[in-house]
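Structure data follow from model_5.cif (mmCIF, C-alpha atoms and all ligand atoms):
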```cif
data_start
loop_
_atom_site.group_PDB
_atom_site.id
_atom_site.type_symbol
_atom_site.label_atom_id
_atom_site.label_comp_id
_atom_site.auth_asym_id
_atom_site.auth_seq_id
_atom_site.Cartn_x
_atom_site.Cartn_y
_atom_site.Cartn_z
ATOM 1 C CA MET A 1027 11.897 -80.360 90.884
ATOM 2 C CA LYS A 1028 13.720 -79.097 93.909
ATOM 3 C CA LYS A 1029 13.101 -80.751 97.223
ATOM 4 C CA ASN A 1030 11.638 -77.668 98.854
ATOM 5 C CA LEU A 1031 9.123 -77.320 96.070
ATOM 6 C CA VAL A 1032 8.056 -80.901 96.649
ATOM 7 C CA LEU A 1033 7.760 -80.190 100.349
ATOM 8 C CA SER A 1034 5.836 -77.031 99.670
ATOM 9 C CA THR A 1035 3.490 -78.828 97.321
ATOM 10 C CA VAL A 1036 2.863 -81.598 99.808
ATOM 11 C CA LEU A 1037 2.291 -79.059 102.562
ATOM 12 C CA CYS A 1038 -0.157 -77.169 100.388
ATOM 13 C CA ALA A 1039 -2.034 -80.371 99.677
ATOM 14 C CA LEU A 1040 -2.292 -81.098 103.385
ATOM 15 C CA VAL A 1041 -3.015 -77.568 104.570
ATOM 16 C CA ALA A 1042 -4.575 -75.893 101.594
ATOM 17 C CA SER A 1043 -5.713 -72.854 103.537
ATOM 18 C CA ALA A 1044 -2.198 -72.171 104.784
ATOM 19 C CA CYS A 1045 -0.564 -71.986 101.368
ATOM 20 C CA THR A 1046 -1.057 -69.524 98.621
ATOM 21 C CA ALA A 1047 0.960 -69.327 95.456
ATOM 22 C CA ASN A 1048 3.087 -66.244 95.009
ATOM 23 C CA VAL A 1049 1.365 -63.668 92.856
ATOM 24 C CA MET A 1050 2.559 -60.567 91.098
ATOM 25 C CA ALA A 1051 1.626 -57.202 92.600
ATOM 26 C CA ALA A 1052 0.603 -54.183 90.575
ATOM 27 C CA ASP A 1053 4.199 -52.949 90.688
ATOM 28 C CA GLY A 1054 5.367 -56.209 89.120
ATOM 29 C CA ASN A 1055 6.983 -57.505 92.302
ATOM 30 C CA ILE A 1056 6.465 -61.049 93.507
ATOM 31 C CA THR A 1057 4.181 -61.039 96.554
ATOM 32 C CA ALA A 1058 4.011 -63.073 99.741
ATOM 33 C CA GLU A 1059 1.316 -62.901 102.382
ATOM 34 C CA ALA A 1060 1.920 -62.296 106.073
ATOM 35 C CA ILE A 1061 -0.772 -63.467 108.472
ATOM 36 C CA LYS A 1062 -1.687 -61.366 111.496
ATOM 37 C CA GLY A 1063 -0.397 -62.793 114.750
ATOM 38 C CA THR A 1064 2.347 -62.513 117.347
ATOM 39 C CA PRO A 1065 4.901 -65.305 117.674
ATOM 40 C CA VAL A 1066 7.418 -65.589 120.492
ATOM 41 C CA ILE A 1067 10.948 -64.884 119.254
ATOM 42 C CA ASP A 1068 12.621 -67.874 120.850
ATOM 43 C CA GLY A 1069 13.559 -70.201 117.993
ATOM 44 C CA VAL A 1070 10.668 -72.502 118.832
ATOM 45 C CA VAL A 1071 8.252 -72.671 115.906
ATOM 46 C CA ASP A 1072 4.935 -71.437 117.344
ATOM 47 C CA ASP A 1073 1.823 -73.320 116.203
ATOM 48 C CA ILE A 1074 0.510 -70.201 114.485
ATOM 49 C CA TRP A 1075 3.381 -70.357 112.000
ATOM 50 C CA ALA A 1076 1.663 -73.425 110.475
ATOM 51 C CA SER A 1077 -1.074 -71.100 109.220
ATOM 52 C CA ALA A 1078 1.362 -68.858 107.340
ATOM 53 C CA SER A 1079 2.165 -69.336 103.661
ATOM 54 C CA THR A 1080 5.493 -70.907 102.778
ATOM 55 C CA ASN A 1081 7.841 -68.933 100.542
ATOM 56 C CA THR A 1082 11.279 -69.850 99.274
ATOM 57 C CA ALA A 1083 14.633 -68.136 98.766
ATOM 58 C CA ASN A 1084 16.197 -70.495 96.276
ATOM 59 C CA ALA A 1085 17.222 -68.263 93.387
ATOM 60 C CA LEU A 1086 21.002 -68.407 92.980
ATOM 61 C CA LYS A 1087 22.067 -64.757 92.808
ATOM 62 C CA ASP A 1088 25.802 -65.081 93.342
ATOM 63 C CA GLY A 1089 28.502 -67.740 93.284
ATOM 64 C CA THR A 1090 28.295 -71.473 92.745
ATOM 65 C CA ASP A 1091 25.125 -73.387 93.486
ATOM 66 C CA GLU A 1092 25.504 -75.519 96.631
ATOM 67 C CA GLY A 1093 21.924 -76.743 96.433
ATOM 68 C CA ILE A 1094 20.945 -74.795 99.537
ATOM 69 C CA THR A 1095 17.207 -74.249 99.792
ATOM 70 C CA THR A 1096 15.280 -72.132 102.257
ATOM 71 C CA GLN A 1097 11.681 -71.757 103.322
ATOM 72 C CA TRP A 1098 10.413 -68.624 105.038
ATOM 73 C CA LYS A 1099 7.156 -67.251 106.373
ATOM 74 C CA ALA A 1100 5.930 -63.860 107.532
ATOM 75 C CA MET A 1101 3.585 -62.588 110.231
ATOM 76 C CA TRP A 1102 2.663 -59.123 111.487
ATOM 77 C CA ASP A 1103 0.927 -57.325 114.319
ATOM 78 C CA ASP A 1104 0.308 -53.687 115.238
ATOM 79 C CA ASP A 1105 4.004 -53.013 115.747
ATOM 80 C CA LYS A 1106 6.159 -55.601 114.110
ATOM 81 C CA LEU A 1107 6.867 -57.755 111.118
ATOM 82 C CA TYR A 1108 7.924 -61.292 112.023
ATOM 83 C CA LEU A 1109 9.942 -63.708 109.940
ATOM 84 C CA LEU A 1110 10.515 -67.420 110.310
ATOM 85 C CA ILE A 1111 13.407 -68.456 108.100
ATOM 86 C CA ALA A 1112 13.406 -72.224 108.201
ATOM 87 C CA VAL A 1113 14.846 -74.487 107.213
ATOM 88 C CA VAL A 1114 18.069 -73.309 105.636
ATOM 89 C CA ASN A 1115 19.491 -76.695 104.737
ATOM 90 C CA ASP A 1116 23.115 -75.667 105.080
ATOM 91 C CA THR A 1117 25.022 -77.810 107.563
ATOM 92 C CA ALA A 1118 28.519 -76.821 106.458
ATOM 93 C CA HIS A 1119 28.985 -73.710 108.576
ATOM 94 C CA PHE A 1120 31.860 -71.357 107.989
ATOM 95 C CA PHE A 1121 31.621 -68.259 110.099
ATOM 96 C CA ASN A 1122 34.755 -66.360 109.277
ATOM 97 C CA GLY A 1123 34.739 -63.322 107.083
ATOM 98 C CA ALA A 1124 32.527 -60.275 107.134
ATOM 99 C CA GLN A 1125 28.740 -60.345 107.186
ATOM 100 C CA SER A 1126 27.367 -61.197 103.780
ATOM 101 C CA TRP A 1127 30.454 -63.335 103.155
ATOM 102 C CA GLY A 1128 29.821 -66.124 105.666
ATOM 103 C CA ASP A 1129 26.770 -68.228 106.499
ATOM 104 C CA GLY A 1130 23.755 -66.163 107.444
ATOM 105 C CA CYS A 1131 20.919 -64.106 106.061
ATOM 106 C CA GLU A 1132 20.237 -60.599 104.846
ATOM 107 C CA LEU A 1133 16.917 -58.809 105.139
ATOM 108 C CA TYR A 1134 15.978 -56.059 102.709
ATOM 109 C CA PHE A 1135 13.232 -53.573 103.548
ATOM 110 C CA ASP A 1136 11.459 -50.919 101.519
ATOM 111 C CA ALA A 1137 9.136 -50.047 104.369
ATOM 112 C CA LEU A 1138 6.791 -47.783 102.403
ATOM 113 C CA ASN A 1139 7.034 -49.937 99.272
ATOM 114 C CA ASN A 1140 7.628 -46.973 97.020
ATOM 115 C CA ASP A 1141 10.096 -48.992 94.954
ATOM 116 C CA PRO A 1142 12.922 -46.455 94.678
ATOM 117 C CA THR A 1143 15.811 -47.316 92.388
ATOM 118 C CA ASP A 1144 18.249 -46.065 95.021
ATOM 119 C CA TYR A 1145 18.174 -46.374 98.816
ATOM 120 C CA THR A 1146 16.134 -43.731 100.649
ATOM 121 C CA SER A 1147 15.211 -43.152 104.300
ATOM 122 C CA ASP A 1148 12.665 -45.982 104.545
ATOM 123 C CA ASP A 1149 14.923 -48.594 102.912
ATOM 124 C CA GLY A 1150 17.496 -50.659 104.718
ATOM 125 C CA VAL A 1151 19.404 -53.916 104.776
ATOM 126 C CA VAL A 1152 20.261 -55.945 107.862
ATOM 127 C CA GLN A 1153 23.031 -58.474 107.338
ATOM 128 C CA ILE A 1154 23.081 -61.116 110.045
ATOM 129 C CA GLY A 1155 26.097 -63.352 110.318
ATOM 130 C CA TRP A 1156 25.854 -66.795 111.806
ATOM 131 C CA ASP A 1157 28.283 -66.753 114.674
ATOM 132 C CA ALA A 1158 27.067 -67.414 118.189
ATOM 133 C CA GLU A 1159 30.379 -66.345 119.638
ATOM 134 C CA THR A 1160 30.068 -62.955 118.015
ATOM 135 C CA PRO A 1161 26.481 -61.824 118.419
ATOM 136 C CA THR A 1162 27.377 -58.399 117.156
ATOM 137 C CA ASP A 1163 28.167 -59.992 113.820
ATOM 138 C CA THR A 1164 25.608 -57.764 112.144
ATOM 139 C CA ALA A 1165 25.983 -55.032 109.562
ATOM 140 C CA TYR A 1166 23.680 -52.590 107.851
ATOM 141 C CA LYS A 1167 23.348 -51.125 104.392
ATOM 142 C CA GLY A 1168 21.368 -48.188 103.125
ATOM 143 C CA THR A 1169 21.554 -44.465 103.724
ATOM 144 C CA ASP A 1170 23.496 -43.372 106.793
ATOM 145 C CA ALA A 1171 20.259 -42.287 108.476
ATOM 146 C CA ALA A 1172 18.471 -45.545 107.712
ATOM 147 C CA GLN A 1173 21.420 -47.606 108.952
ATOM 148 C CA ALA A 1174 21.514 -45.664 112.213
ATOM 149 C CA ASN A 1175 17.745 -45.907 112.561
ATOM 150 C CA ILE A 1176 17.384 -49.668 112.172
ATOM 151 C CA VAL A 1177 19.902 -50.476 114.906
ATOM 152 C CA GLY A 1178 18.045 -51.815 117.923
ATOM 153 C CA LYS A 1179 14.770 -52.175 116.041
ATOM 154 C CA TYR A 1180 14.817 -55.957 115.735
ATOM 155 C CA GLN A 1181 15.351 -59.201 117.590
ATOM 156 C CA VAL A 1182 16.911 -62.355 116.190
ATOM 157 C CA CYS A 1183 16.898 -65.907 117.499
ATOM 158 C CA ALA A 1184 19.104 -68.330 115.602
ATOM 159 C CA VAL A 1185 18.947 -72.073 116.090
ATOM 160 C CA GLU A 1186 21.238 -74.690 114.642
ATOM 161 C CA ASN A 1187 19.683 -78.105 114.050
ATOM 162 C CA ALA A 1188 20.326 -81.349 112.210
ATOM 163 C CA ASP A 1189 18.947 -79.969 108.946
ATOM 164 C CA GLY A 1190 20.879 -76.733 109.044
ATOM 165 C CA TYR A 1191 19.619 -73.668 110.856
ATOM 166 C CA LEU A 1192 16.681 -71.346 111.306
ATOM 167 C CA TYR A 1193 16.093 -67.757 112.274
ATOM 168 C CA GLU A 1194 13.064 -66.343 114.039
ATOM 169 C CA ILE A 1195 13.074 -62.565 113.744
ATOM 170 C CA ALA A 1196 10.963 -59.595 114.823
ATOM 171 C CA VAL A 1197 11.419 -56.227 113.157
ATOM 172 C CA ASP A 1198 9.854 -53.173 114.785
ATOM 173 C CA LEU A 1199 8.956 -51.752 111.420
ATOM 174 C CA ASP A 1200 6.908 -48.787 112.551
ATOM 175 C CA ALA A 1201 9.714 -47.727 114.877
ATOM 176 C CA PHE A 1202 12.120 -47.872 111.926
ATOM 177 C CA CYS A 1203 9.662 -45.977 109.736
ATOM 178 C CA PRO A 1204 6.787 -44.260 111.614
ATOM 179 C CA ASP A 1205 4.921 -43.647 108.359
ATOM 180 C CA VAL A 1206 4.326 -47.370 107.933
ATOM 181 C CA VAL A 1207 0.708 -48.306 108.582
ATOM 182 C CA MET A 1208 0.677 -51.714 110.223
ATOM 183 C CA ALA A 1209 -2.786 -52.738 109.050
ATOM 184 C CA GLU A 1210 -4.385 -55.343 106.850
ATOM 185 C CA GLY A 1211 -3.852 -54.478 103.214
ATOM 186 C CA THR A 1212 -0.533 -52.674 103.682
ATOM 187 C CA VAL A 1213 2.281 -53.834 101.410
ATOM 188 C CA ILE A 1214 5.900 -53.836 102.569
ATOM 189 C CA GLY A 1215 8.778 -54.079 100.126
ATOM 190 C CA PHE A 1216 10.964 -56.996 101.209
ATOM 191 C CA ASP A 1217 13.571 -59.457 100.068
ATOM 192 C CA ILE A 1218 15.716 -62.053 101.742
ATOM 193 C CA GLN A 1219 19.177 -63.341 100.932
ATOM 194 C CA ILE A 1220 20.823 -66.479 102.258
ATOM 195 C CA ASN A 1221 24.628 -66.527 102.190
ATOM 196 C CA SER A 1222 26.865 -69.567 102.459
ATOM 197 C CA LYS A 1223 30.497 -70.468 102.576
ATOM 198 C CA SER A 1224 31.476 -74.060 101.864
ATOM 199 C CA ASP A 1225 35.112 -73.800 102.893
ATOM 200 C CA ASP A 1226 37.464 -71.724 104.995
ATOM 201 C CA SER A 1227 38.258 -69.154 102.348
ATOM 202 C CA GLU A 1228 37.444 -65.474 102.722
ATOM 203 C CA SER A 1229 34.778 -65.403 100.042
ATOM 204 C CA ARG A 1230 31.279 -66.735 100.167
ATOM 205 C CA THR A 1231 30.472 -69.682 97.941
ATOM 206 C CA SER A 1232 26.885 -68.861 97.159
ATOM 207 C CA ALA A 1233 24.018 -66.472 97.789
ATOM 208 C CA TYR A 1234 20.334 -67.141 97.208
ATOM 209 C CA GLY A 1235 17.376 -64.795 97.067
ATOM 210 C CA TRP A 1236 13.617 -64.663 96.817
ATOM 211 C CA ALA A 1237 12.625 -61.786 94.542
ATOM 212 C CA ASP A 1238 16.021 -60.656 93.285
ATOM 213 C CA ALA A 1239 17.780 -63.312 91.237
ATOM 214 C CA ALA A 1240 20.015 -60.780 89.479
ATOM 215 C CA ASN A 1241 21.815 -59.603 92.639
ATOM 216 C CA VAL A 1242 21.021 -55.933 92.163
ATOM 217 C CA GLY A 1243 18.869 -55.406 95.270
ATOM 218 C CA TRP A 1244 21.859 -54.132 97.244
ATOM 219 C CA GLN A 1245 21.659 -50.979 95.135
ATOM 220 C CA ASP A 1246 18.099 -51.039 93.775
ATOM 221 C CA PRO A 1247 15.149 -51.566 96.178
ATOM 222 C CA SER A 1248 12.684 -51.595 93.288
ATOM 223 C CA VAL A 1249 13.540 -55.246 92.671
ATOM 224 C CA PHE A 1250 12.464 -56.336 96.157
ATOM 225 C CA GLY A 1251 9.346 -58.452 96.461
ATOM 226 C CA ASP A 1252 6.243 -57.393 98.356
ATOM 227 C CA ILE A 1253 4.772 -58.666 101.605
ATOM 228 C CA LEU A 1254 1.022 -58.123 101.895
ATOM 229 C CA LEU A 1255 -0.237 -57.782 105.466
ATOM 230 C CA ALA A 1256 -3.207 -60.151 105.447
ATOM 231 C CA ALA A 1257 -5.830 -61.275 107.928
ATOM 232 C CA ALA A 1258 -5.306 -63.389 111.007
ATOM 233 C CA PRO A 1259 -5.843 -67.103 110.426
ATOM 234 C CA VAL A 1260 -9.228 -68.496 111.329
ATOM 235 C CA VAL A 1261 -8.802 -70.633 114.409
ATOM 236 C CA ASP A 1262 -11.010 -73.394 115.726
ATOM 237 C CA GLU A 1263 -12.543 -72.171 118.952
ATOM 238 C CA ALA A 1264 -13.429 -75.679 120.104
ATOM 239 C CA PRO A 1265 -11.884 -76.290 123.544
ATOM 240 C CA ALA A 1266 -9.040 -78.774 123.697
ATOM 241 C CA GLU A 1267 -7.183 -80.455 126.489
ATOM 242 C CA ASP A 1268 -3.785 -79.011 127.221
ATOM 243 C CA GLY A 1269 -1.501 -80.241 124.458
ATOM 244 C CA ALA A 1270 -4.145 -82.591 123.068
ATOM 245 C CA PRO A 1271 -5.522 -82.417 119.542
ATOM 246 C CA ALA A 1272 -8.621 -80.238 119.182
ATOM 247 C CA ALA A 1273 -11.884 -81.775 118.056
ATOM 248 C CA ASP A 1274 -11.057 -81.333 114.383
ATOM 249 C CA GLY A 1275 -7.588 -82.752 114.763
ATOM 250 C CA ALA A 1276 -5.820 -79.406 114.921
ATOM 251 C CA GLU A 1277 -3.111 -79.081 117.515
ATOM 252 C CA ALA A 1278 -3.970 -77.064 120.573
ATOM 253 C CA PRO A 1279 -1.814 -73.950 120.957
ATOM 254 C CA VAL A 1280 1.402 -74.646 122.782
ATOM 255 C CA THR A 1281 3.029 -71.986 124.872
ATOM 256 C CA ALA A 1282 6.745 -71.585 124.298
ATOM 257 C CA ASP A 1283 8.764 -73.428 126.891
ATOM 258 C CA ALA A 1284 10.013 -70.768 129.271
ATOM 259 C CA GLY A 1285 12.750 -73.118 130.410
ATOM 260 C CA ILE A 1286 14.114 -73.332 126.913
ATOM 261 C CA VAL A 1287 14.034 -69.593 126.604
ATOM 262 C CA ALA A 1288 15.762 -69.134 129.914
ATOM 263 C CA ALA A 1289 18.417 -71.632 128.970
ATOM 264 C CA ALA A 1290 19.171 -69.890 125.733
ATOM 265 C CA ALA A 1291 22.155 -67.646 125.627
ATOM 266 C CA VAL A 1292 20.683 -64.192 125.416
ATOM 267 C CA MET A 1293 23.130 -61.431 124.777
ATOM 268 C CA ALA A 1294 22.152 -57.800 124.740
ATOM 269 C CA MET A 1295 24.060 -55.973 122.114
ATOM 270 C CA ALA A 1296 25.246 -52.469 122.743
ATOM 271 C CA ALA A 1297 22.669 -51.113 120.364
ATOM 272 C CA GLY A 1298 19.819 -52.863 122.090
ATOM 273 C CA VAL A 1299 19.537 -55.726 119.647
ATOM 274 C CA VAL A 1300 19.097 -59.137 121.197
ATOM 275 C CA LEU A 1301 20.429 -62.164 119.441
ATOM 276 C CA THR A 1302 19.867 -65.588 120.857
ATOM 277 C CA LYS A 1303 21.402 -68.835 119.781
ATOM 278 C CA LYS A 1304 20.462 -72.277 120.967
ATOM 279 C CA LYS A 1305 21.656 -75.692 119.934
HETATM 280 CA CA CA B 1 8.712 -68.826 118.413
HETATM 281 CA CA CA B 2 7.358 -53.253 95.720
HETATM 282 CA CA CA B 3 27.694 -72.873 104.491
#
```

Would you give me this structure, written as C-alpha cells?
Ligand SMILES: [Ca+2]
Ligand SMILES: [Ca+2]
Ligand SMILES: [Ca+2]
Amino acid sequence: MKKNLVLSTVLCALVASACTANVMAADGNITAEAIKGTPVIDGVVDDIWASASTNTANALKDGTDEGITTQWKAMWDDDKLYLLIAVVNDTAHFFNGAQSWGDGCELYFDALNNDPTDYTSDDGVVQIGWDAETPTDTAYKGTDAAQANIVGKYQVCAVENADGYLYEIAVDLDAFCPDVVMAEGTVIGFDIQINSKSDDSESRTSAYGWADAANVGWQDPSVFGDILLAAAPVVDEAPAEDGAPAADGAEAPVTADAGIVAAAAVMAMAAGVVLTKKK
C-alpha cells in the first residue's frame, strides 16, 4: 500500500465527512468532488481545505517510477475552480528543460465536460514549470483559440517545503469558457499530471496522473476525470476565540497572514498571470 493511500485512509477515518471515495460518473470517468468555498491563493493551506476530499495523482503514465505521490483537492465558487496540489513529495528539483519535461504540474480542462476525443474550444492544458527564477515558465496546449484564451485566466502560488512542494491555484473557468455554469451539480472534465526530473538531463524521469494512466490525455480529453461541483461544507457556527479551538474541537478559521503574502515574491506576467513562490 502506498504511503499516500495510508495517509488518505487515516485522514478519512479521522474526518469521515471530508473524504469520499472516487466514484465513476455516467461517462465512465473517475470523479472527484469540489466543495464550494473561496480560498486565498497564497500557498498557505486555508482551514476550509480540510473539508475537501483528498484525491491522488499517483498513476505512472510515463517514464520510470520515482515513487512520487501527490494529493490534491478542489474547491469552487461563482467564478473560479480552485486546486490545492499538496504534497508532491519530490525534493529532487531539476528545473531545466521545457515545461512538461522538468518538475511541475499540468492541468487538463474539458470545461463543458463533453468528452471530445480531440481538443476543442473549451479544452485546454496549462503546463506549469517549477522555476521561481522564471515565472513565465508556463506553456499551453489545445486549440490555438483555447491556448490564447486561457492566458491570464489563472493564478498560481508555488511553495517549496521540506516534503517537496505544493501549488495553490485559481482558474477563472467561466472567463475561459463563458458557457460553463458554476453551480452545484455541474461537472467539469479535469485531469492533473505531475512531472519530475531526477537528474540534470534534458528529459523528464517520470510523469504521474490521476484519471489518465495511459498518457493519452494530451490528445484525447475524453480520458480526463470529472470534478463534480458539490455543496459548501457544513460549518460549526459556535463562536470561538480568535485562533482557539471551537466548542466541538474544530479549529477556528484563520485568516491568511498578510505579512506572508506581502513578503512573497509576486511577479506579474505579461499576460496577466500571477505566479508566486515562497520558501
Ligand atoms: Ca491559501
Ligand atoms: Ca468527463
Ligand atoms: Ca524531481

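This file, filtered with the PyMOL selection byres (((chain A and resi 1171) around 12) and not hetatm), gives the residues Tyr1145, Thr1146, Ser1147, Asp1148, Asp1149, Gly1150, Tyr1166, Lys1167, Gly1168, Thr1169, Asp1170, Ala1172, Gln1173, Ala1174, Asn1175, Ile1176, Val1177, Phe1202 and Cys1203 of chain A.
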
Evaluate the PyMOL selection byres (((chain A and resi 1193-1197) around 10) and not hetatm) on the structure here and hand back the selected residues as a ChimeraX atom specification.
-> /A:1064-1071,1098-1102,1105-1114,1130-1131,1154,1156,1176,1178-1186,1191-1192,1198-1202,1301-1303

Across A:Ile1074, A:Ala1083, A:Gly1089, A:Ala1060, the smallest distance to A:Arg1230, with all atoms listed in the file counted, is shown by A:Gly1089

Mind checking which residues fall within 12 Å of A:Ile1094, counting only C-alpha atoms, ignoring those fewer than 5 positions away in the same chain, and posting them as a PDB file with C-alpha atoms, in the frame of the given file?
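Final file, part-v2.pdb:
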```pdb
ATOM      1  CA  LYS A1028      13.720 -79.097  93.909  1.00  0.00           C
ATOM      2  CA  LYS A1029      13.101 -80.751  97.223  1.00  0.00           C
ATOM      3  CA  ASN A1030      11.638 -77.668  98.854  1.00  0.00           C
ATOM      4  CA  THR A1082      11.279 -69.850  99.274  1.00  0.00           C
ATOM      5  CA  ALA A1083      14.633 -68.136  98.766  1.00  0.00           C
ATOM      6  CA  ASN A1084      16.197 -70.495  96.276  1.00  0.00           C
ATOM      7  CA  ALA A1085      17.222 -68.263  93.387  1.00  0.00           C
ATOM      8  CA  LEU A1086      21.002 -68.407  92.980  1.00  0.00           C
ATOM      9  CA  ALA A1112      13.406 -72.224 108.201  1.00  0.00           C
ATOM     10  CA  VAL A1113      14.846 -74.487 107.213  1.00  0.00           C
ATOM     11  CA  VAL A1114      18.069 -73.309 105.636  1.00  0.00           C
ATOM     12  CA  ASN A1115      19.491 -76.695 104.737  1.00  0.00           C
ATOM     13  CA  ASP A1116      23.115 -75.667 105.080  1.00  0.00           C
ATOM     14  CA  THR A1117      25.022 -77.810 107.563  1.00  0.00           C
ATOM     15  CA  ALA A1118      28.519 -76.821 106.458  1.00  0.00           C
ATOM     16  CA  ASP A1129      26.770 -68.228 106.499  1.00  0.00           C
ATOM     17  CA  ASP A1189      18.947 -79.969 108.946  1.00  0.00           C
ATOM     18  CA  GLY A1190      20.879 -76.733 109.044  1.00  0.00           C
ATOM     19  CA  TYR A1191      19.619 -73.668 110.856  1.00  0.00           C
ATOM     20  CA  GLN A1219      19.177 -63.341 100.932  1.00  0.00           C
ATOM     21  CA  ILE A1220      20.823 -66.479 102.258  1.00  0.00           C
ATOM     22  CA  ASN A1221      24.628 -66.527 102.190  1.00  0.00           C
ATOM     23  CA  SER A1222      26.865 -69.567 102.459  1.00  0.00           C
ATOM     24  CA  LYS A1223      30.497 -70.468 102.576  1.00  0.00           C
ATOM     25  CA  SER A1224      31.476 -74.060 101.864  1.00  0.00           C
ATOM     26  CA  THR A1231      30.472 -69.682  97.941  1.00  0.00           C
ATOM     27  CA  SER A1232      26.885 -68.861  97.159  1.00  0.00           C
ATOM     28  CA  ALA A1233      24.018 -66.472  97.789  1.00  0.00           C
ATOM     29  CA  TYR A1234      20.334 -67.141  97.208  1.00  0.00           C
ATOM     30  CA  GLY A1235      17.376 -64.795  97.067  1.00  0.00           C
TER      31      GLY A1235
END
```

With all atoms listed in the file as the basis for distance, which of A:Asp1091, A:Lys1062, A:Thr1164, A:Gly1215 is at the shortest distance from A:Ala1078?
->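 Ranked by minimum distance to A:Ala1078, first place goes to A:Lys1062.
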
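Considering the residues A:Asp1225, A:Asp1205, A:Asp1103, A:Asp1217 and counting all atoms listed in the file, ligand CA 3 (chain B) has its shortest atom-to-atom contact with A:Asp1225.
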
Taking only C-alpha atoms and all ligand atoms into account, which residues are within 12 Å of ligand CA 2 (chain B), as a PyMOL selection string?
-> chain A and resi 1050-1058+1134-1143+1149+1212-1217+1237-1238+1243+1246-1254

Counting only C-alpha atoms and all ligand atoms, the option among A:Gln1153, A:Ser1079, A:Thr1090, A:Asn1241 closest to ligand CA 3 (chain B) |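 Comparing A:Gln1153, A:Ser1079, A:Thr1090, A:Asn1241 against ligand CA 3 (chain B), the winner is A:Thr1090.
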
Hey, which of A:Asp1163, A:Asp1144, A:Glu1092, A:Glu1210 ends up closest to ligand CA 3 (chain B)? Count all atoms listed in the file.
->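 Ranking A:Asp1163, A:Asp1144, A:Glu1092, A:Glu1210 by distance to ligand CA 3 (chain B), first place goes to A:Glu1092.
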
Looking at A:Asn1081, A:Gly1211, A:His1119, A:Ala1240, which one is nearest to ligand CA 3 (chain B), with distances taken over all atoms listed in the file?
->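 Of A:Asn1081, A:Gly1211, A:His1119, A:Ala1240, the one nearest ligand CA 3 (chain B) is A:His1119, counting all atoms listed in the file.
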
Please identify all polymer residues within 10 Å of A:Pro1259, counting all atoms listed in the file, omitting same-chain residues fewer than 3 positions from it, and present them as a list in words.
->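 The contact residues come out as Ser1043, Ala1044, Ile1061, Lys1062, Gly1063, Ile1074, Trp1075, Ala1076, Ser1077, Ala1078, Ala1256 and Asp1262 of chain A.
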
Can you rebuild stretch 1123-1135 of chain A with N, CA and C atoms and give it as a PDB file, in the coordinates of the input?
```
ATOM      1  N   GLY A1123      35.001 -64.295 108.131  1.00  0.00           N
ATOM      2  CA  GLY A1123      34.739 -63.322 107.083  1.00  0.00           C
ATOM      3  C   GLY A1123      33.666 -62.358 107.530  1.00  0.00           C
ATOM      4  N   ALA A1124      33.497 -61.295 106.771  1.00  0.00           N
ATOM      5  CA  ALA A1124      32.527 -60.275 107.134  1.00  0.00           C
ATOM      6  C   ALA A1124      31.106 -60.768 106.877  1.00  0.00           C
ATOM      7  N   GLN A1125      30.129 -60.051 107.483  1.00  0.00           N
ATOM      8  CA  GLN A1125      28.740 -60.345 107.186  1.00  0.00           C
ATOM      9  C   GLN A1125      28.531 -60.265 105.677  1.00  0.00           C
ATOM     10  N   SER A1126      27.663 -61.080 105.211  1.00  0.00           N
ATOM     11  CA  SER A1126      27.367 -61.197 103.780  1.00  0.00           C
ATOM     12  C   SER A1126      28.364 -62.114 103.081  1.00  0.00           C
ATOM     13  N   TRP A1127      29.459 -62.461 103.776  1.00  0.00           N
ATOM     14  CA  TRP A1127      30.454 -63.335 103.155  1.00  0.00           C
ATOM     15  C   TRP A1127      30.601 -64.664 103.884  1.00  0.00           C
ATOM     16  N   GLY A1128      29.875 -64.842 104.979  1.00  0.00           N
ATOM     17  CA  GLY A1128      29.821 -66.124 105.666  1.00  0.00           C
ATOM     18  C   GLY A1128      28.378 -66.572 105.751  1.00  0.00           C
ATOM     19  N   ASP A1129      28.131 -67.726 106.373  1.00  0.00           N
ATOM     20  CA  ASP A1129      26.770 -68.228 106.499  1.00  0.00           C
ATOM     21  C   ASP A1129      25.893 -67.225 107.242  1.00  0.00           C
ATOM     22  N   GLY A1130      24.687 -67.064 106.789  1.00  0.00           N
ATOM     23  CA  GLY A1130      23.755 -66.163 107.444  1.00  0.00           C
ATOM     24  C   GLY A1130      22.742 -65.617 106.459  1.00  0.00           C
ATOM     25  N   CYS A1131      21.972 -64.641 106.925  1.00  0.00           N
ATOM     26  CA  CYS A1131      20.919 -64.106 106.061  1.00  0.00           C
ATOM     27  C   CYS A1131      21.002 -62.588 105.988  1.00  0.00           C
ATOM     28  N   GLU A1132      20.371 -62.040 104.992  1.00  0.00           N
ATOM     29  CA  GLU A1132      20.237 -60.599 104.846  1.00  0.00           C
ATOM     30  C   GLU A1132      18.768 -60.290 104.613  1.00  0.00           C
ATOM     31  N   LEU A1133      18.306 -59.245 105.268  1.00  0.00           N
ATOM     32  CA  LEU A1133      16.917 -58.809 105.139  1.00  0.00           C
ATOM     33  C   LEU A1133      16.899 -57.449 104.478  1.00  0.00           C
ATOM     34  N   TYR A1134      16.073 -57.306 103.459  1.00  0.00           N
ATOM     35  CA  TYR A1134      15.978 -56.059 102.709  1.00  0.00           C
ATOM     36  C   TYR A1134      14.584 -55.475 102.909  1.00  0.00           C
ATOM     37  N   PHE A1135      14.519 -54.217 103.302  1.00  0.00           N
ATOM     38  CA  PHE A1135      13.232 -53.573 103.548  1.00  0.00           C
ATOM     39  C   PHE A1135      13.083 -52.295 102.722  1.00  0.00           C
TER      40      PHE A1135
END
```
